[in-house]
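Peer 1: Structure supplied as final-v6.cif; contents: mmCIF, C-alpha atoms and all ligand atoms.
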data_final
loop_
_atom_site.label_atom_id
_atom_site.label_comp_id
_atom_site.auth_asym_id
_atom_site.auth_seq_id
_atom_site.Cartn_x
_atom_site.Cartn_y
_atom_site.Cartn_z
CA MET A 1 17.43 -11.26 6.23
CA LEU A 2 14.33 -9.28 7.23
CA PRO A 3 11.91 -11.05 9.54
CA VAL A 4 8.59 -11.91 7.89
CA LYS A 5 5.84 -11.33 10.45
CA GLY A 6 2.89 -12.61 8.48
CA PHE A 7 2.29 -14.82 5.45
CA ILE A 8 -0.85 -15.50 3.41
CA GLN A 9 -0.16 -18.20 0.90
CA THR A 10 -2.81 -17.33 -1.68
CA SER A 11 -5.09 -14.35 -2.17
CA PHE A 12 -7.34 -13.48 -5.12
CA LEU A 13 -8.15 -10.06 -3.70
CA ASP A 14 -4.90 -8.25 -3.01
CA TRP A 15 -3.54 -7.72 -6.56
CA PRO A 16 -6.45 -7.35 -8.98
CA GLY A 17 -6.40 -10.03 -11.67
CA LYS A 18 -3.61 -11.97 -9.98
CA LEU A 19 -3.37 -14.90 -7.62
CA CYS A 20 -0.67 -13.89 -5.15
CA SER A 21 1.04 -14.63 -1.87
CA ILE A 22 1.29 -11.84 0.72
CA LEU A 23 4.30 -11.25 3.01
CA PHE A 24 4.02 -8.83 5.93
CA LEU A 25 7.06 -6.92 7.21
CA SER A 26 7.06 -5.02 10.48
CA GLY A 27 7.66 -1.43 11.53
CA CYS A 28 6.34 1.88 10.28
CA GLY A 29 7.21 5.54 10.79
CA PHE A 30 3.54 6.56 10.75
CA ARG A 31 0.98 6.05 13.51
CA CYS A 32 -2.27 6.31 11.56
CA PRO A 33 -5.04 6.15 14.16
CA ALA A 34 -7.19 4.12 11.75
CA CYS A 35 -4.43 1.55 11.03
CA HIS A 36 -5.66 -2.03 11.35
CA ASN A 37 -2.17 -3.57 11.48
CA ALA A 38 -1.29 -2.08 14.84
CA ASP A 39 0.68 -5.11 16.07
CA LEU A 40 3.02 -4.93 13.06
CA VAL A 41 3.58 -1.25 13.79
CA LEU A 42 3.67 -1.09 17.60
CA LYS A 43 4.80 -4.47 18.89
CA PRO A 44 6.32 -6.56 16.12
CA ASP A 45 8.53 -8.42 18.62
CA ASP A 46 5.39 -10.05 20.02
CA LEU A 47 4.71 -11.64 16.62
CA PRO A 48 6.47 -14.86 15.59
CA ASP A 49 8.89 -14.84 12.65
CA HIS A 50 8.04 -16.90 9.57
CA SER A 51 10.98 -18.63 7.95
CA LEU A 52 11.72 -16.99 4.60
CA ASP A 53 13.34 -20.20 3.32
CA ARG A 54 10.15 -22.13 4.04
CA ILE A 55 8.03 -19.41 2.39
CA LEU A 56 10.25 -19.40 -0.69
CA ALA A 57 9.99 -23.18 -0.90
CA LYS A 58 6.17 -22.96 -0.76
CA ILE A 59 6.07 -20.18 -3.33
CA GLY A 60 8.46 -22.13 -5.56
CA LYS A 61 6.20 -25.19 -5.48
CA ARG A 62 3.17 -23.16 -6.54
CA ASN A 63 5.05 -21.05 -9.02
CA GLN A 64 3.29 -22.31 -12.14
CA TRP A 65 -0.06 -20.96 -10.98
CA LEU A 66 0.98 -18.13 -8.68
CA ASP A 67 1.03 -14.78 -10.50
CA GLY A 68 2.75 -12.65 -7.90
CA ILE A 69 3.96 -11.83 -4.40
CA THR A 70 2.83 -8.78 -2.46
CA VAL A 71 5.21 -7.30 0.11
CA THR A 72 3.31 -5.20 2.61
CA GLY A 73 3.48 -4.08 6.23
CA GLY A 74 3.74 -2.09 8.32
CA GLU A 75 5.82 -0.02 5.93
CA PRO A 76 8.34 -2.16 4.03
CA THR A 77 10.52 0.76 2.83
CA ILE A 78 11.75 1.66 6.32
CA ASN A 79 13.92 -1.49 6.20
CA LYS A 80 17.36 -0.75 4.75
CA ARG A 81 17.68 -4.38 3.69
CA LEU A 82 14.53 -4.36 1.60
CA PRO A 83 16.44 -4.49 -1.73
CA GLU A 84 18.27 -7.64 -0.61
CA PHE A 85 14.97 -9.15 0.57
CA LEU A 86 13.26 -8.43 -2.76
CA GLN A 87 16.25 -9.88 -4.59
CA ALA A 88 15.62 -13.16 -2.76
CA LEU A 89 11.95 -13.08 -3.85
CA ARG A 90 13.04 -12.33 -7.42
CA ALA A 91 14.80 -15.70 -7.44
CA THR A 92 11.37 -17.39 -7.51
CA GLN A 93 10.74 -15.75 -10.92
CA THR A 94 7.42 -14.45 -9.60
CA ALA A 95 6.21 -10.87 -10.10
CA VAL A 96 6.53 -8.63 -7.04
CA LYS A 97 4.18 -5.89 -5.87
CA LEU A 98 5.14 -3.50 -3.07
CA ASP A 99 2.68 -1.66 -0.84
CA THR A 100 4.00 1.63 0.56
CA ASN A 101 2.96 4.82 2.31
CA GLY A 102 5.37 6.77 0.09
CA SER A 103 7.52 8.09 2.95
CA ASN A 104 10.82 6.87 1.45
CA PRO A 105 11.22 8.13 -2.13
CA ALA A 106 14.94 7.30 -2.16
CA MET A 107 14.16 3.64 -1.53
CA LEU A 108 11.48 3.64 -4.25
CA THR A 109 13.99 5.07 -6.71
CA GLU A 110 16.48 2.33 -5.88
CA LEU A 111 13.92 -0.47 -6.16
CA ILE A 112 12.67 0.76 -9.52
CA ARG A 113 16.17 1.35 -10.87
CA LYS A 114 17.26 -2.15 -9.87
CA ARG A 115 14.04 -3.65 -11.35
CA LEU A 116 13.17 -5.27 -8.00
CA VAL A 117 9.44 -4.47 -8.18
CA ASP A 118 6.89 -4.95 -10.95
CA ALA A 119 4.16 -2.92 -9.27
CA VAL A 120 3.81 -0.38 -6.47
CA TYR A 121 0.54 0.42 -4.71
CA MET A 122 0.98 3.68 -2.80
CA ASP A 123 -1.35 4.96 -0.11
CA VAL A 124 -2.04 8.68 -0.43
CA LYS A 125 -3.52 9.34 2.96
CA ALA A 126 -4.83 12.88 2.78
CA PRO A 127 -4.70 16.13 0.81
CA LEU A 128 -1.04 17.02 0.21
CA ASN A 129 -0.56 19.59 2.95
CA ARG A 130 1.30 19.11 6.22
CA LYS A 131 -1.68 19.65 8.53
CA ASP A 132 -4.10 17.20 6.93
CA TYR A 133 -1.43 14.61 6.22
CA SER A 134 -0.02 14.67 9.73
CA THR A 135 -3.49 14.30 11.24
CA VAL A 136 -4.30 11.19 9.22
CA ALA A 137 -0.79 9.71 9.62
CA GLY A 138 -0.69 10.38 13.38
CA VAL A 139 2.81 11.93 13.22
CA PRO A 140 4.26 15.10 11.64
CA VAL A 141 4.78 14.31 7.96
CA ASP A 142 7.11 16.04 5.50
CA VAL A 143 4.70 16.05 2.54
CA ARG A 144 7.57 16.88 0.17
CA LEU A 145 8.65 13.24 0.54
CA ILE A 146 5.15 12.03 -0.30
CA LYS A 147 4.97 14.32 -3.34
CA ARG A 148 8.39 13.11 -4.47
CA SER A 149 7.24 9.47 -4.25
CA ILE A 150 4.13 10.28 -6.29
CA GLU A 151 6.32 11.93 -8.93
CA ILE A 152 8.75 9.00 -9.07
CA LEU A 153 5.93 6.51 -9.47
CA ARG A 154 4.04 8.61 -12.01
CA ASN A 155 7.17 8.77 -14.17
CA SER A 156 8.08 5.10 -13.82
CA ASP A 157 7.35 2.33 -16.32
CA ILE A 158 6.02 -0.13 -13.74
CA GLU A 159 2.41 -0.78 -12.71
CA VAL A 160 1.36 1.92 -10.22
CA VAL A 161 -1.88 2.29 -8.32
CA PHE A 162 -2.61 5.10 -5.88
CA ARG A 163 -5.14 4.42 -3.17
CA THR A 164 -6.77 6.32 -0.35
CA THR A 165 -8.69 5.11 2.68
CA ALA A 166 -11.86 7.12 3.21
CA ILE A 167 -12.28 7.78 6.94
CA PRO A 168 -15.38 9.41 8.45
CA GLY A 169 -14.58 12.92 9.69
CA LEU A 170 -11.06 12.91 8.21
CA VAL A 171 -11.09 11.84 4.59
CA GLU A 172 -14.49 12.38 3.03
CA GLU A 173 -15.67 13.69 -0.36
CA PRO A 174 -13.95 17.14 -0.23
CA GLN A 175 -10.60 15.60 0.74
CA LEU A 176 -10.94 12.86 -1.89
CA ARG A 177 -11.62 15.55 -4.51
CA GLU A 178 -8.41 17.37 -3.51
CA ILE A 179 -6.35 14.19 -3.58
CA LYS A 180 -7.69 13.11 -6.95
CA ASN A 181 -7.12 16.56 -8.43
CA TYR A 182 -3.53 16.41 -7.27
CA LEU A 183 -2.93 12.93 -8.67
CA GLY A 184 -4.59 13.56 -12.04
CA VAL A 185 -5.94 10.74 -14.20
CA GLY A 186 -2.72 9.19 -15.50
CA ARG A 187 -2.69 6.28 -13.05
CA PRO A 188 -5.41 4.20 -11.40
CA PHE A 189 -6.84 5.52 -8.14
CA ILE A 190 -8.79 3.23 -5.86
CA LEU A 191 -10.55 3.67 -2.54
CA GLN A 192 -10.53 1.64 0.61
CA PHE A 193 -12.91 2.26 3.46
CA PHE A 194 -12.27 2.69 7.16
CA ARG A 195 -13.18 -0.34 9.26
CA ASN A 196 -13.68 0.10 12.98
CA LYS A 197 -12.23 -3.29 13.95
CA ARG A 198 -8.76 -3.41 15.58
CA THR A 199 -7.78 0.23 15.07
CA LEU A 200 -4.38 1.53 16.25
CA ASP A 201 -6.11 4.31 18.20
CA PRO A 202 -8.75 2.49 20.28
CA SER A 203 -11.02 5.56 20.20
CA PHE A 204 -11.44 5.02 16.44
CA ALA A 205 -13.28 1.78 17.18
CA GLU A 206 -16.21 4.02 18.22
CA ILE A 207 -16.48 5.71 14.81
CA PRO A 208 -19.30 4.34 12.65
CA GLU A 209 -18.24 3.04 9.23
CA PHE A 210 -19.60 4.64 6.04
CA PRO A 211 -22.93 3.15 4.96
CA ALA A 212 -22.59 0.94 1.85
CA ALA A 213 -24.57 3.34 -0.37
CA ARG A 214 -22.24 6.25 0.44
CA ALA A 215 -19.17 4.11 -0.16
CA ASP A 216 -20.59 3.05 -3.55
CA ALA A 217 -21.24 6.70 -4.45
CA MET A 218 -17.66 7.62 -3.54
CA ARG A 219 -16.31 4.76 -5.64
CA ALA A 220 -18.42 5.91 -8.59
CA GLU A 221 -17.28 9.53 -8.25
CA PHE A 222 -13.59 9.13 -7.52
CA GLU A 223 -12.16 5.79 -8.55
CA ILE A 224 -10.15 5.22 -11.70
CA ARG A 225 -9.99 1.44 -11.81
CA PRO A 226 -6.90 -0.32 -13.20
CA GLY A 227 -7.41 -0.52 -16.99
CA ALA A 228 -9.48 2.68 -17.12
CA THR A 229 -6.39 4.88 -17.57
CA GLU A 230 -5.86 3.48 -21.10
CA ILE A 231 -9.46 4.34 -21.96
CA LEU A 232 -9.00 7.88 -20.58
CA ALA A 233 -5.79 8.27 -22.58
CA ARG A 234 -7.51 7.13 -25.81
CA THR A 235 -10.52 9.41 -25.33
CA GLY A 236 -8.39 12.38 -24.14
S1 LIG B 1 -1.86 2.38 8.10
FE1 LIG B 1 -0.37 3.94 8.73
S2 LIG B 1 0.54 3.17 10.64
FE2 LIG B 1 -0.50 1.45 9.64
S3 LIG B 1 1.08 0.46 8.44
FE3 LIG B 1 0.05 1.89 7.05
S4 LIG B 1 1.21 3.78 7.19
FE4 LIG B 1 1.83 2.52 8.93
#
Can the structure in the file be given as structure tokens, please?
Peer 2:
Amino acid sequence: MLPVKGFIQTSFLDWPGKLCSILFLSGCGFRCPACHNADLVLKPDDLPDHSLDRILAKIGKRNQWLDGITVTGGEPTINKRLPEFLQALRATQTAVKLDTNGSNPAMLTELIRKRLVDAVYMDVKAPLNRKDYSTVAGVPVDVRLIKRSIEILRNSDIEVVFRTTAIPGLVEEPQLREIKNYLGVGRPFILQFFRNKRTLDPSFAEIPEFPAARADAMRAEFEIRPGATEILARTG
């Protein structure tokens, strides 16, 4: 079974409206300089494994008031055994949300077809062109894969949220406008904001974070919060 490299038993913040547990898997094909999970990406062998049996036992005990489990990383979809892993979580009868960078559309198709996920939150890192995407992801990216993942999720019947991390100098208002125009208004779109603590590229620790007022203005201009898509659909 896949090694679990981090476990948060309960979080009110990760899956809006739900109390959930969070499981962290290791490895990722990207090297985003602003990543704040560098150990999961670069040196997972230095992190201890959590016993999945013990986690499942804990989740099982809390099942009546736990609404869901988030599987995050790193990038969970790089693991070939992810379907088997999610099947084991399914046995707890708890809803499952997957976080992904959208680099593996074939895996997303399989997970949706086998009904192994109830929700997918996909990071859309930059405008959908090779140059911008590769800069923010820190490696050359085939954006056709990212576009394919967006398409698969847009056409699925599960809960989908797209999200982008605003990063000073890389992903600011013009880039957010391009990303939102590409995604359209059919699914929620939420922002996260660059933090200069524990970045994968140490030089990013020198970059000042956005001031709160600018972050609020970006949220107001770009976000489509979960629930707002129904209102947009009703009002055309
Ligand atoms: S932020 Fe980038 S490098 Fe870090 S886990 Fe996500 S996709 Fe991978």
Peer 1: Once you count only C-alpha atoms and all ligand atoms, what closest atom pair and distance in Å to one decimal does each residue of chain A within 8 Å of ligand LIG 1 (chain B) have, with rows by chain and rising residue number, as JSON lines?
Peer 2:
{"residue": "A:Gly27", "atom": "CA", "partner": "B:LIG1", "partner_atom": "FE4", "distance": 7.5}
{"residue": "A:Cys28", "atom": "CA", "partner": "B:LIG1", "partner_atom": "FE4", "distance": 4.8}
{"residue": "A:Gly29", "atom": "CA", "partner": "B:LIG1", "partner_atom": "FE4", "distance": 6.4}
{"residue": "A:Phe30", "atom": "CA", "partner": "B:LIG1", "partner_atom": "S2", "distance": 4.5}
{"residue": "A:Arg31", "atom": "CA", "partner": "B:LIG1", "partner_atom": "S2", "distance": 4.1}
{"residue": "A:Cys32", "atom": "CA", "partner": "B:LIG1", "partner_atom": "FE1", "distance": 4.2}
{"residue": "A:Pro33", "atom": "CA", "partner": "B:LIG1", "partner_atom": "S2", "distance": 7.2}
{"residue": "A:Ala34", "atom": "CA", "partner": "B:LIG1", "partner_atom": "S1", "distance": 6.7}
{"residue": "A:Cys35", "atom": "CA", "partner": "B:LIG1", "partner_atom": "S1", "distance": 4.0}
{"residue": "A:His36", "atom": "CA", "partner": "B:LIG1", "partner_atom": "FE2", "distance": 6.5}
{"residue": "A:Asn37", "atom": "CA", "partner": "B:LIG1", "partner_atom": "FE2", "distance": 5.6}
{"residue": "A:Ala38", "atom": "CA", "partner": "B:LIG1", "partner_atom": "FE2", "distance": 6.3}
{"residue": "A:Leu40", "atom": "CA", "partner": "B:LIG1", "partner_atom": "S3", "distance": 7.4}
{"residue": "A:Val41", "atom": "CA", "partner": "B:LIG1", "partner_atom": "S3", "distance": 6.1}
{"residue": "A:Gly73", "atom": "CA", "partner": "B:LIG1", "partner_atom": "S3", "distance": 5.6}
{"residue": "A:Gly74", "atom": "CA", "partner": "B:LIG1", "partner_atom": "S3", "distance": 3.7}
{"residue": "A:Glu75", "atom": "CA", "partner": "B:LIG1", "partner_atom": "S3", "distance": 5.4}
{"residue": "A:Thr100", "atom": "CA", "partner": "B:LIG1", "partner_atom": "S4", "distance": 7.5}
{"residue": "A:Asn101", "atom": "CA", "partner": "B:LIG1", "partner_atom": "S4", "distance": 5.3}
{"residue": "A:Asp123", "atom": "CA", "partner": "B:LIG1", "partner_atom": "S4", "distance": 7.8}
{"residue": "A:Ala137", "atom": "CA", "partner": "B:LIG1", "partner_atom": "FE1", "distance": 5.9}
{"residue": "A:Gly138", "atom": "CA", "partner": "B:LIG1", "partner_atom": "S2", "distance": 7.8}
{"residue": "A:Leu200", "atom": "CA", "partner": "B:LIG1", "partner_atom": "S2", "distance": 7.6}
Peer 1: Please save C-alpha atoms of the selected residues as a CSV table (one decimal), keeping the file's coordinate frame.
Peer 2:
chain,number,residue,atom,x,y,z
A,27,GLY,CA,7.7,-1.4,11.5
A,28,CYS,CA,6.3,1.9,10.3
A,29,GLY,CA,7.2,5.5,10.8
A,30,PHE,CA,3.5,6.6,10.8
A,31,ARG,CA,1.0,6.0,13.5
A,32,CYS,CA,-2.3,6.3,11.6
A,33,PRO,CA,-5.0,6.2,14.2
A,34,ALA,CA,-7.2,4.1,11.8
A,35,CYS,CA,-4.4,1.6,11.0
A,36,HIS,CA,-5.7,-2.0,11.4
A,37,ASN,CA,-2.2,-3.6,11.5
A,38,ALA,CA,-1.3,-2.1,14.8
A,40,LEU,CA,3.0,-4.9,13.1
A,41,VAL,CA,3.6,-1.2,13.8
A,73,GLY,CA,3.5,-4.1,6.2
A,74,GLY,CA,3.7,-2.1,8.3
A,75,GLU,CA,5.8,0.0,5.9
A,100,THR,CA,4.0,1.6,0.6
A,101,ASN,CA,3.0,4.8,2.3
A,123,ASP,CA,-1.4,5.0,-0.1
A,137,ALA,CA,-0.8,9.7,9.6
A,138,GLY,CA,-0.7,10.4,13.4
A,200,LEU,CA,-4.4,1.5,16.2
Peer 1: Show me a table, sorted first by chain and then by increasing residue number, of the residues of segment 49-168 of chain A having an atom at most 12 Å from segment 211-226 of chain A, each with its shortest atom pair and the distance in Å to one decimal, counting only C-alpha atoms and written as a Markdown table.
Peer 2:
| residue | atom | partner | partner_atom | distance |
| --- | --- | --- | --- | --- |
| A:Tyr121 | CA | A:Pro226 | CA | 11.3 |
| A:Glu159 | CA | A:Pro226 | CA | 9.3 |
| A:Val160 | CA | A:Pro226 | CA | 9.1 |
| A:Val161 | CA | A:Pro226 | CA | 7.5 |
| A:Phe162 | CA | A:Ile224 | CA | 9.5 |
| A:Arg163 | CA | A:Glu223 | CA | 8.9 |
| A:Thr164 | CA | A:Glu223 | CA | 9.8 |
| A:Thr165 | CA | A:Ala215 | CA | 10.9 |
| A:Ala166 | CA | A:Ala215 | CA | 8.6 |
| A:Ile167 | CA | A:Ala215 | CA | 10.6 |
| A:Pro168 | CA | A:Pro211 | CA | 10.4 |
Peer 1: Would you output that residue set with C-alpha atoms, as a short mmCIF file (atom, residue, chain, number, x, y, z; two decimals), keeping the file's coordinate frame?
Peer 2:
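And here is the file that came out, out.cif:
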data_model
loop_
_atom_site.label_atom_id
_atom_site.label_comp_id
_atom_site.auth_asym_id
_atom_site.auth_seq_id
_atom_site.Cartn_x
_atom_site.Cartn_y
_atom_site.Cartn_z
CA TYR A 121 0.54 0.42 -4.71
CA GLU A 159 2.41 -0.78 -12.71
CA VAL A 160 1.36 1.92 -10.22
CA VAL A 161 -1.88 2.29 -8.32
CA PHE A 162 -2.61 5.10 -5.88
CA ARG A 163 -5.14 4.42 -3.17
CA THR A 164 -6.77 6.32 -0.35
CA THR A 165 -8.69 5.11 2.68
CA ALA A 166 -11.86 7.12 3.21
CA ILE A 167 -12.28 7.78 6.94
CA PRO A 168 -15.38 9.41 8.45
#
Peer 1: If you measure from atom CA of Pro105 of chain A to atom CA of Ser149 of chain A, what distance in Å do you get, rounded to one decimal?
Peer 2: 4.7 Å
Peer 1: Hey, can you pull every residue with an atom no more than 9 Å from (12.1, 10.3, 7.9), using only C-alpha atoms, and send it as a PyMOL selection string?
Peer 2: chain A and resi 29+78+103-104+141-142+145
Peer 1: Which one is closest to Leu111 of chain A: A:Ile152, A:Cys20, A:Val136, A:Val185? Count all atoms listed in the file.
Peer 2: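 The closest residue to Leu111 of chain A is A:Ile152.
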Peer 1: Taking 2 positions as the minimum chain separation for residues in the same chain, which residues sit within 7 Å of Val96 of chain A when counting only C-alpha atoms? Answer as number ranges by chain.
Peer 2: A: 68-70, 94, 98, 117-119
Peer 1: What is the atom CA of Gln9 of chain A-atom CA of Ser21 of chain A distance in Å, reported with one decimal?
Peer 2: 4.7 Å
Peer 1: Between A:Arg187, A:Lys114, A:Lys43, A:Lys125, single out the one closest to Arg90 of chain A, counting only C-alpha atoms.
Peer 2: A:Lys114
Peer 1: At the level of all heavy atoms, write segment 106-116 of chain A to a file as a short mmCIF file (atom, residue, chain, number, x, y, z; two decimals), in the first residue's frame, please.
Peer 2:
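The result, stored in decode24.cif:
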data_model
loop_
_atom_site.label_atom_id
_atom_site.label_comp_id
_atom_site.auth_asym_id
_atom_site.auth_seq_id
_atom_site.Cartn_x
_atom_site.Cartn_y
_atom_site.Cartn_z
N ALA A 106 -5.24 10.73 -17.27
CA ALA A 106 -5.66 9.32 -17.38
C ALA A 106 -6.06 8.78 -16.00
O ALA A 106 -7.06 8.07 -15.85
CB ALA A 106 -4.54 8.49 -17.99
N MET A 107 -5.28 9.14 -14.99
CA MET A 107 -5.61 8.69 -13.64
C MET A 107 -6.93 9.31 -13.17
O MET A 107 -7.78 8.64 -12.56
CB MET A 107 -4.46 9.05 -12.68
CG MET A 107 -4.73 8.73 -11.23
SD MET A 107 -4.87 6.97 -10.89
CE MET A 107 -3.14 6.48 -10.76
N LEU A 108 -7.14 10.60 -13.47
CA LEU A 108 -8.39 11.24 -13.07
C LEU A 108 -9.59 10.53 -13.70
O LEU A 108 -10.61 10.30 -13.05
CB LEU A 108 -8.40 12.72 -13.48
CG LEU A 108 -7.52 13.65 -12.64
CD1 LEU A 108 -7.62 15.08 -13.17
CD2 LEU A 108 -7.90 13.61 -11.17
N THR A 109 -9.43 10.19 -14.98
CA THR A 109 -10.52 9.48 -15.67
C THR A 109 -10.85 8.17 -14.95
O THR A 109 -12.01 7.85 -14.70
CB THR A 109 -10.11 9.18 -17.13
OG1 THR A 109 -9.83 10.40 -17.78
CG2 THR A 109 -11.20 8.45 -17.88
N GLU A 110 -9.81 7.44 -14.61
CA GLU A 110 -10.02 6.14 -13.94
C GLU A 110 -10.70 6.32 -12.58
O GLU A 110 -11.64 5.61 -12.25
CB GLU A 110 -8.67 5.42 -13.77
CG GLU A 110 -8.82 4.09 -13.06
CD GLU A 110 -7.50 3.33 -12.90
OE1 GLU A 110 -6.47 3.77 -13.48
OE2 GLU A 110 -7.50 2.32 -12.17
N LEU A 111 -10.24 7.30 -11.82
CA LEU A 111 -10.79 7.49 -10.47
C LEU A 111 -12.26 7.90 -10.53
O LEU A 111 -13.08 7.47 -9.71
CB LEU A 111 -9.99 8.57 -9.71
CG LEU A 111 -8.51 8.28 -9.49
CD1 LEU A 111 -7.86 9.42 -8.72
CD2 LEU A 111 -8.31 6.95 -8.76
N ILE A 112 -12.59 8.74 -11.52
CA ILE A 112 -13.99 9.18 -11.64
C ILE A 112 -14.86 8.02 -12.13
O ILE A 112 -15.94 7.78 -11.62
CB ILE A 112 -14.07 10.41 -12.57
CG1 ILE A 112 -13.39 11.61 -11.91
CG2 ILE A 112 -15.54 10.73 -12.90
CD1 ILE A 112 -13.17 12.79 -12.83
N ARG A 113 -14.33 7.29 -13.12
CA ARG A 113 -15.10 6.17 -13.67
C ARG A 113 -15.38 5.11 -12.61
O ARG A 113 -16.47 4.57 -12.52
CB ARG A 113 -14.34 5.55 -14.85
CG ARG A 113 -15.09 4.47 -15.59
CD ARG A 113 -14.36 4.03 -16.85
NE ARG A 113 -12.97 3.67 -16.62
CZ ARG A 113 -12.55 2.52 -16.10
NH1 ARG A 113 -13.42 1.59 -15.77
NH2 ARG A 113 -11.26 2.28 -15.93
N LYS A 114 -14.41 4.87 -11.74
CA LYS A 114 -14.58 3.85 -10.70
C LYS A 114 -15.26 4.40 -9.45
O LYS A 114 -15.37 3.69 -8.45
CB LYS A 114 -13.22 3.24 -10.32
CG LYS A 114 -12.61 2.43 -11.45
CD LYS A 114 -11.30 1.79 -11.00
CE LYS A 114 -10.77 0.84 -12.06
NZ LYS A 114 -9.38 0.43 -11.76
N ARG A 115 -15.69 5.66 -9.50
CA ARG A 115 -16.38 6.32 -8.37
C ARG A 115 -15.53 6.25 -7.10
O ARG A 115 -16.02 5.98 -6.00
CB ARG A 115 -17.76 5.69 -8.09
CG ARG A 115 -18.67 5.49 -9.28
CD ARG A 115 -19.04 6.72 -10.04
NE ARG A 115 -19.82 7.71 -9.35
CZ ARG A 115 -20.18 8.88 -9.90
NH1 ARG A 115 -19.82 9.19 -11.13
NH2 ARG A 115 -20.87 9.74 -9.23
N LEU A 116 -14.24 6.52 -7.23
CA LEU A 116 -13.34 6.46 -6.06
C LEU A 116 -13.14 7.82 -5.41
O LEU A 116 -12.51 7.93 -4.37
CB LEU A 116 -11.98 5.88 -6.48
CG LEU A 116 -12.02 4.40 -6.85
CD1 LEU A 116 -10.68 3.94 -7.41
CD2 LEU A 116 -12.40 3.56 -5.64
#
